[in-house]
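Visitor: Enclosed is the structure file my_file_20.csv (CSV, C-alpha atoms (C1' of nucleotides)).
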```csv
chain,number,residue,atom,x,y,z
A,103,MET,CA,-81.3,-35.5,33.3
A,104,PRO,CA,-83.7,-36.8,30.6
A,105,ASP,CA,-82.3,-36.8,27.1
A,106,GLU,CA,-83.8,-34.1,25.1
A,107,LEU,CA,-87.2,-35.0,23.9
A,108,THR,CA,-86.3,-35.3,20.3
A,109,HIS,CA,-89.0,-35.9,17.7
A,110,PRO,CA,-88.5,-36.8,14.1
A,111,ASP,CA,-90.1,-34.2,11.9
A,112,ARG,CA,-92.7,-35.3,9.4
A,113,ALA,CA,-90.3,-36.0,6.6
A,114,ALA,CA,-88.2,-38.2,8.8
A,115,ILE,CA,-91.0,-40.5,9.8
A,116,ARG,CA,-90.5,-44.0,8.5
A,117,ILE,CA,-93.3,-46.4,7.9
A,118,ASP,CA,-91.2,-49.3,9.1
A,119,GLN,CA,-90.7,-47.7,12.5
A,120,VAL,CA,-94.3,-46.6,12.8
A,121,LEU,CA,-95.6,-50.1,12.1
A,122,HIS,CA,-93.1,-51.5,14.5
A,123,ALA,CA,-94.1,-49.1,17.2
A,124,LEU,CA,-97.7,-50.0,16.7
A,125,ALA,CA,-97.1,-53.7,16.7
A,126,ASP,CA,-96.9,-54.1,20.4
A,127,PRO,CA,-100.0,-54.7,22.6
A,128,VAL,CA,-99.0,-52.2,25.3
A,129,ARG,CA,-98.2,-49.5,22.8
A,130,LEU,CA,-101.3,-50.1,20.8
A,131,THR,CA,-103.3,-49.6,24.1
A,132,ILE,CA,-101.5,-46.3,24.7
A,133,VAL,CA,-102.3,-45.1,21.2
A,134,ARG,CA,-105.9,-46.1,21.5
A,135,GLU,CA,-106.3,-44.4,24.8
A,136,LEU,CA,-104.6,-41.2,23.6
A,137,ALA,CA,-107.0,-41.1,20.7
A,138,LYS,CA,-109.9,-41.2,23.2
A,139,LEU,CA,-108.4,-38.9,25.8
A,140,ALA,CA,-108.8,-35.2,25.7
A,141,GLU,CA,-105.9,-33.2,24.4
A,142,GLY,CA,-103.5,-32.3,27.2
A,143,THR,CA,-104.1,-35.3,29.4
A,144,PRO,CA,-100.9,-36.5,31.1
A,145,CYS,CA,-100.0,-39.9,29.9
A,146,GLY,CA,-99.6,-41.2,33.4
A,147,THR,CA,-103.4,-41.5,33.6
A,148,ILE,CA,-103.4,-44.5,31.3
A,149,ASP,CA,-103.1,-47.6,33.4
A,150,LEU,CA,-101.0,-50.3,31.9
A,151,PRO,CA,-100.1,-53.8,33.2
A,152,VAL,CA,-96.4,-52.9,33.2
A,153,SER,CA,-93.9,-51.2,35.4
A,154,LYS,CA,-93.0,-47.5,35.4
A,155,SER,CA,-89.7,-48.0,33.5
A,156,THR,CA,-91.4,-50.2,30.9
A,157,ARG,CA,-94.0,-47.5,30.3
A,158,THR,CA,-91.2,-45.0,29.8
A,159,HIS,CA,-89.6,-47.3,27.3
A,160,HIS,CA,-92.8,-47.7,25.3
A,161,ILE,CA,-93.5,-44.0,25.2
A,162,ARG,CA,-90.0,-43.4,24.0
A,163,THR,CA,-90.4,-45.9,21.2
A,164,LEU,CA,-93.6,-44.2,20.1
A,165,ARG,CA,-92.0,-40.8,20.3
A,166,GLU,CA,-88.9,-41.8,18.3
A,167,ALA,CA,-91.0,-43.4,15.7
A,168,GLY,CA,-93.0,-40.2,15.3
A,169,VAL,CA,-96.3,-41.6,16.5
A,170,VAL,CA,-96.6,-39.3,19.6
A,171,ARG,CA,-95.4,-36.0,20.7
A,172,VAL,CA,-94.2,-35.5,24.3
A,173,ARG,CA,-94.0,-32.2,26.0
A,174,PRO,CA,-92.9,-31.5,29.5
A,175,SER,CA,-95.3,-29.9,31.9
A,176,GLY,CA,-93.9,-29.6,35.4
A,177,THR,CA,-92.8,-33.0,36.5
A,178,ALA,CA,-95.3,-34.7,34.2
A,179,ARG,CA,-95.3,-35.2,30.4
A,180,ILE,CA,-98.1,-34.4,28.1
A,181,THR,CA,-98.3,-37.0,25.4
A,182,THR,CA,-100.3,-36.5,22.3
A,183,LEU,CA,-101.0,-38.5,19.1
A,184,ARG,CA,-99.4,-36.9,16.0
A,185,ARG,CA,-102.6,-37.3,14.1
A,186,ASP,CA,-101.9,-34.5,11.6
A,187,ASP,CA,-98.6,-35.9,10.6
A,188,LEU,CA,-99.7,-39.5,10.4
A,189,ASP,CA,-102.8,-38.7,8.5
A,190,ALA,CA,-100.8,-36.6,6.0
A,191,LEU,CA,-98.2,-39.3,5.5
A,192,TYR,CA,-100.4,-42.4,5.6
A,193,PRO,CA,-104.0,-41.4,5.1
A,194,GLY,CA,-106.3,-44.0,6.4
A,195,LEU,CA,-103.8,-45.9,8.4
A,196,LEU,CA,-104.4,-44.5,11.8
A,197,ASP,CA,-108.2,-44.5,11.5
A,198,GLY,CA,-108.0,-48.0,10.2
A,199,ILE,CA,-106.2,-49.1,13.3
A,200,LEU,CA,-108.3,-47.1,15.8
A,201,ASN,CA,-111.6,-48.3,14.4
A,202,ALA,CA,-110.4,-51.9,14.4
A,203,PRO,CA,-112.2,-54.4,16.6
A,204,HIS,CA,-110.4,-54.3,19.9
B,273,MET,CA,-94.5,-82.7,3.6
B,274,PRO,CA,-95.4,-79.1,4.0
B,275,ASP,CA,-97.7,-78.4,6.9
B,276,GLU,CA,-101.2,-77.8,5.7
B,277,LEU,CA,-101.5,-74.2,4.5
B,278,THR,CA,-103.8,-73.0,7.2
B,279,HIS,CA,-105.2,-69.5,7.1
B,280,PRO,CA,-107.1,-67.7,9.8
B,281,ASP,CA,-110.6,-66.8,8.7
B,282,ARG,CA,-111.6,-63.2,8.7
B,283,ALA,CA,-112.9,-63.3,12.3
B,284,ALA,CA,-109.7,-64.7,13.6
B,285,ILE,CA,-107.4,-62.1,12.3
B,286,ARG,CA,-105.8,-60.0,15.0
B,287,ILE,CA,-104.6,-56.5,14.5
B,288,ASP,CA,-101.6,-57.2,16.7
B,289,GLN,CA,-100.4,-59.9,14.4
B,290,VAL,CA,-101.2,-58.0,11.3
B,291,LEU,CA,-99.2,-55.0,12.4
B,292,HIS,CA,-96.3,-57.3,13.5
B,293,ALA,CA,-96.4,-59.0,10.2
B,294,LEU,CA,-96.1,-55.7,8.4
B,295,ALA,CA,-93.5,-54.3,10.7
B,296,ASP,CA,-90.6,-56.0,8.9
B,297,PRO,CA,-88.8,-54.5,5.9
B,298,VAL,CA,-88.7,-57.7,4.0
B,299,ARG,CA,-92.4,-58.5,4.6
B,300,LEU,CA,-93.4,-55.0,3.8
B,301,THR,CA,-91.6,-55.4,0.4
B,302,ILE,CA,-93.4,-58.6,-0.2
B,303,VAL,CA,-96.8,-57.0,0.5
B,304,ARG,CA,-96.0,-54.0,-1.7
B,305,GLU,CA,-94.9,-56.2,-4.6
B,306,LEU,CA,-98.0,-58.4,-4.2
B,307,ALA,CA,-100.2,-55.3,-4.4
B,308,LYS,CA,-98.5,-54.3,-7.7
B,309,LEU,CA,-98.3,-57.8,-9.2
B,310,ALA,CA,-101.0,-59.3,-11.3
B,311,GLU,CA,-103.2,-61.8,-9.5
B,312,GLY,CA,-101.8,-65.3,-9.8
B,313,THR,CA,-98.2,-64.4,-10.0
B,314,PRO,CA,-96.0,-66.9,-8.2
B,315,CYS,CA,-94.4,-65.3,-5.2
B,316,GLY,CA,-91.0,-66.6,-6.2
B,317,THR,CA,-90.7,-63.9,-8.8
B,318,ILE,CA,-90.2,-61.2,-6.1
B,319,ASP,CA,-86.6,-60.9,-5.5
B,320,LEU,CA,-85.5,-60.3,-2.0
B,321,PRO,CA,-82.1,-59.9,-0.3
B,322,VAL,CA,-82.6,-63.0,1.8
B,323,SER,CA,-82.2,-66.8,1.4
B,324,LYS,CA,-84.8,-69.2,0.3
B,325,SER,CA,-85.6,-70.4,3.8
B,326,THR,CA,-85.9,-66.9,5.1
B,327,ARG,CA,-88.4,-66.1,2.3
B,328,THR,CA,-90.5,-69.1,3.3
B,329,HIS,CA,-90.4,-68.0,6.9
B,330,HIS,CA,-91.7,-64.5,6.0
B,331,ILE,CA,-94.4,-65.8,3.7
B,332,ARG,CA,-95.5,-68.1,6.5
B,333,THR,CA,-95.6,-65.2,9.0
B,334,LEU,CA,-97.8,-63.2,6.6
B,335,ARG,CA,-100.0,-66.1,6.0
B,336,GLU,CA,-100.5,-66.9,9.6
B,337,ALA,CA,-101.3,-63.3,10.4
B,338,GLY,CA,-104.0,-63.3,7.7
B,339,VAL,CA,-102.3,-60.9,5.4
B,340,VAL,CA,-101.8,-63.2,2.5
B,341,ARG,CA,-103.4,-66.3,1.1
B,342,VAL,CA,-101.2,-69.0,-0.3
B,343,ARG,CA,-102.4,-71.6,-2.7
B,344,PRO,CA,-100.4,-74.5,-4.2
B,345,SER,CA,-100.0,-74.7,-7.9
B,346,GLY,CA,-97.8,-77.5,-9.0
B,347,THR,CA,-94.4,-77.1,-7.2
B,348,ALA,CA,-95.0,-73.4,-6.9
B,349,ARG,CA,-97.2,-71.3,-4.6
B,350,ILE,CA,-99.5,-68.6,-5.6
B,351,THR,CA,-99.5,-65.9,-2.9
B,352,THR,CA,-102.1,-63.2,-2.9
B,353,LEU,CA,-103.0,-60.2,-0.7
B,354,ARG,CA,-106.1,-60.7,1.4
B,355,ARG,CA,-107.3,-57.3,0.4
B,356,ASP,CA,-111.0,-58.0,0.8
B,357,ASP,CA,-110.6,-59.3,4.4
B,358,LEU,CA,-108.2,-56.6,5.4
B,359,ASP,CA,-110.3,-53.8,3.9
B,360,ALA,CA,-113.3,-55.1,5.7
B,361,LEU,CA,-111.6,-55.4,9.1
B,362,TYR,CA,-109.4,-52.3,8.9
B,363,PRO,CA,-110.7,-49.9,6.3
B,364,GLY,CA,-108.0,-47.6,5.2
B,365,LEU,CA,-105.1,-49.4,6.8
B,366,LEU,CA,-103.8,-51.3,3.8
B,367,ASP,CA,-104.2,-48.4,1.4
B,368,GLY,CA,-102.5,-46.1,3.9
B,369,ILE,CA,-99.5,-48.4,4.0
B,370,LEU,CA,-99.4,-49.1,0.2
B,371,ASN,CA,-99.6,-45.4,-0.7
B,372,ALA,CA,-96.9,-44.5,1.8
B,373,PRO,CA,-93.7,-42.9,0.6
B,374,HIS,CA,-91.4,-45.8,0.1
C,230,DC,C1',-85.6,-26.2,52.6
C,231,DT,C1',-87.5,-30.8,52.7
C,232,DC,C1',-90.3,-34.2,51.1
C,233,DG,C1',-93.1,-36.6,47.7
C,234,DT,C1',-94.1,-37.6,43.0
C,235,DA,C1',-93.3,-38.2,37.9
C,236,DG,C1',-90.4,-39.6,35.0
C,237,DT,C1',-85.7,-41.2,33.1
C,238,DA,C1',-81.1,-43.9,32.8
C,239,DC,C1',-78.8,-48.0,33.2
C,240,DG,C1',-77.9,-52.7,33.6
C,241,DA,C1',-79.6,-57.3,33.3
C,242,DC,C1',-82.3,-61.2,32.2
C,243,DG,C1',-85.3,-64.1,29.5
C,244,DA,C1',-88.2,-64.5,25.4
C,245,DA,C1',-88.8,-64.0,20.8
C,246,DA,C1',-87.5,-62.9,16.1
C,247,DT,C1',-84.4,-62.9,12.0
C,248,DT,C1',-81.3,-65.3,9.4
C,249,DC,C1',-78.9,-69.0,7.5
C,250,DG,C1',-77.4,-73.8,5.8
C,251,DT,C1',-78.5,-78.3,5.1
C,252,DA,C1',-81.6,-82.0,4.3
C,253,DC,C1',-85.9,-83.3,2.7
C,254,DT,C1',-90.4,-83.6,0.0
C,255,DA,C1',-93.3,-82.9,-4.0
C,256,DC,C1',-94.2,-82.0,-8.6
C,257,DG,C1',-93.1,-81.6,-13.6
C,258,DA,C1',-90.2,-82.4,-17.6
C,259,DT,C1',-87.3,-85.1,-20.3
D,208,DA,C1',-87.6,-93.6,-14.0
D,209,DT,C1',-84.5,-89.9,-13.4
D,210,DC,C1',-83.4,-85.2,-12.8
D,211,DG,C1',-84.2,-80.4,-11.7
D,212,DT,C1',-86.8,-77.0,-9.5
D,213,DA,C1',-89.9,-74.8,-5.8
D,214,DG,C1',-90.7,-74.8,-1.5
D,215,DT,C1',-90.6,-76.6,3.4
D,216,DA,C1',-88.7,-78.4,8.0
D,217,DC,C1',-85.4,-78.3,11.3
D,218,DG,C1',-81.8,-76.8,14.2
D,219,DA,C1',-78.4,-73.2,15.4
D,220,DA,C1',-76.4,-68.6,15.9
D,221,DT,C1',-77.1,-63.8,16.4
D,222,DT,C1',-79.8,-60.1,17.5
D,223,DT,C1',-83.5,-57.6,19.0
D,224,DC,C1',-87.2,-56.8,22.1
D,225,DG,C1',-89.9,-56.5,26.4
D,226,DT,C1',-89.6,-56.4,31.1
D,227,DC,C1',-88.0,-55.3,35.5
D,228,DG,C1',-85.5,-53.2,39.7
D,229,DT,C1',-82.8,-49.8,41.4
D,230,DA,C1',-80.7,-45.5,41.4
D,231,DC,C1',-81.1,-40.9,39.9
D,232,DT,C1',-83.0,-36.2,38.4
D,233,DA,C1',-86.4,-32.6,38.3
D,234,DC,C1',-90.2,-30.1,39.7
D,235,DG,C1',-94.0,-28.6,42.9
D,236,DA,C1',-96.2,-28.5,47.5
D,237,DG,C1',-96.0,-27.6,52.2
```
Give the structure from this file in structure tokens form.
Guide:
Amino acid sequence: MPDELTHPDRAAIRIDQVLHALADPVRLTIVRELAKLAEGTPCGTIDLPVSKSTRTHHIRTLREAGVVRVRPSGTARITTLRRDDLDALYPGLLDGILNAPH
Amino acid sequence: MPDELTHPDRAAIRIDQVLHALADPVRLTIVRELAKLAEGTPCGTIDLPVSKSTRTHHIRTLREAGVVRVRPSGTARITTLRRDDLDALYPGLLDGILNAPH
DNA sequence: CTCGTAGTACGACGAAATTCGTACTACGAT
DNA sequence: ATCGTAGTACGAATTTCGTCGTACTACGAG
């Protein structure tokens, strides 16, 4: 019984939470991979050095901050970057991070 | 006997630490104010809802992450944003944050 | 229907971060 | 030389965060 996959709408996204969400190595990896992956790839394909529950926790953090959008698809979840919203709110921020030296 | 005011040079700046440094409300306020203030304004002029020691702690965090440069000037400290370095490393990032809706 | 897989919920533990007060140093002014 | 001010250092208390294991739900395949 997963809690409803709630997402903040664009106006409710807070820069504090976005930065906090991005300030973790694992979550930064997720965001970077999502940016490279084709749209519609299940998030489970990204391999991370953490357990399954930790992965869930990080995806949740990113979702609640407004960084990613999560959509159910069977038993899996399709996770996508909210590029449009982030670019509209903070132009340059996302690209600045994605183009950063790893 | 303050520890030497060490600063990472540009190549040593890590995106993880920069994001972590910016992911705090107080530090974000400091960065925003520094961006507005004239160069050479002592950092003590920014008023924050925290104690003196907490302020020191946050400035230190920003300095060690490579976000600000701190230079002694008498008993005061001149704190400046490292715009040049940040813009070179992560073009768009700083402006994206500074232009964000408060 | 049964089984396997993807993901979540919950509780817990340890690490790290924020905050503060107090004591201290350093510099400038009187 | 003495005093006041700006900032730092240190230790402590509280909180938050990241991590995990286990138990659970939901959906699809056979």
Visitor: Identify all chain B residues at most 12 Å from chain C by counting all atoms listed in the file; ligands do not count. Present them as a list in words.
Guide: Met273, Pro274, Asp275, His292, Ala293, Ala295, Asp296, Pro297, Val298, Arg299, Pro321, Val322, Ser323, Lys324, Ser325, Thr326, Arg327, Thr328, His329, His330, Thr333, Pro344, Ser345, Gly346, Thr347, Ala348 and Arg349 of chain B
Visitor: Could you please determine the separation between atom CA of B:His279 and atom CA of A:Gly194 in Å, to one decimal place?
Guide: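 Those two atoms sit 25.5 Å apart.
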Visitor: Which value, in Å to one decimal, gives the distance between atom CA of A:Leu196 and atom CA of B:Thr351?
Guide: 26.4 Å
Visitor: Provide as number ranges by chain the residues of chain D at most 8 Å from chain A, counting all atoms listed in the file.
Guide: D: 225-227, 232-235
Visitor: Based on only C-alpha atoms, which of the residues in chain A come within 10 Å of chain B? I want them as JSON, numbers by chain.
Guide: {"A": [113, 115, 116, 117, 118, 119, 120, 121, 122, 123, 124, 125, 126, 127, 130, 188, 189, 190, 191, 192, 193, 194, 195, 196, 197, 198, 199, 200, 201, 202, 203, 204]}
Visitor: Just give me the gap between atom CA of A:Val172 and atom C1' of D:DG237 in Å, one decimal is fine.
Guide: 29.1 Å
Visitor: I want to know what sits within 9 Å of B:Ala307, based on only C-alpha atoms (C1' of nucleotides), with residues of the same chain fewer than 2 positions away left out; could you give that as a ChimeraX atom specification?
Guide: /B:302-305,309-311,352-353,355,370
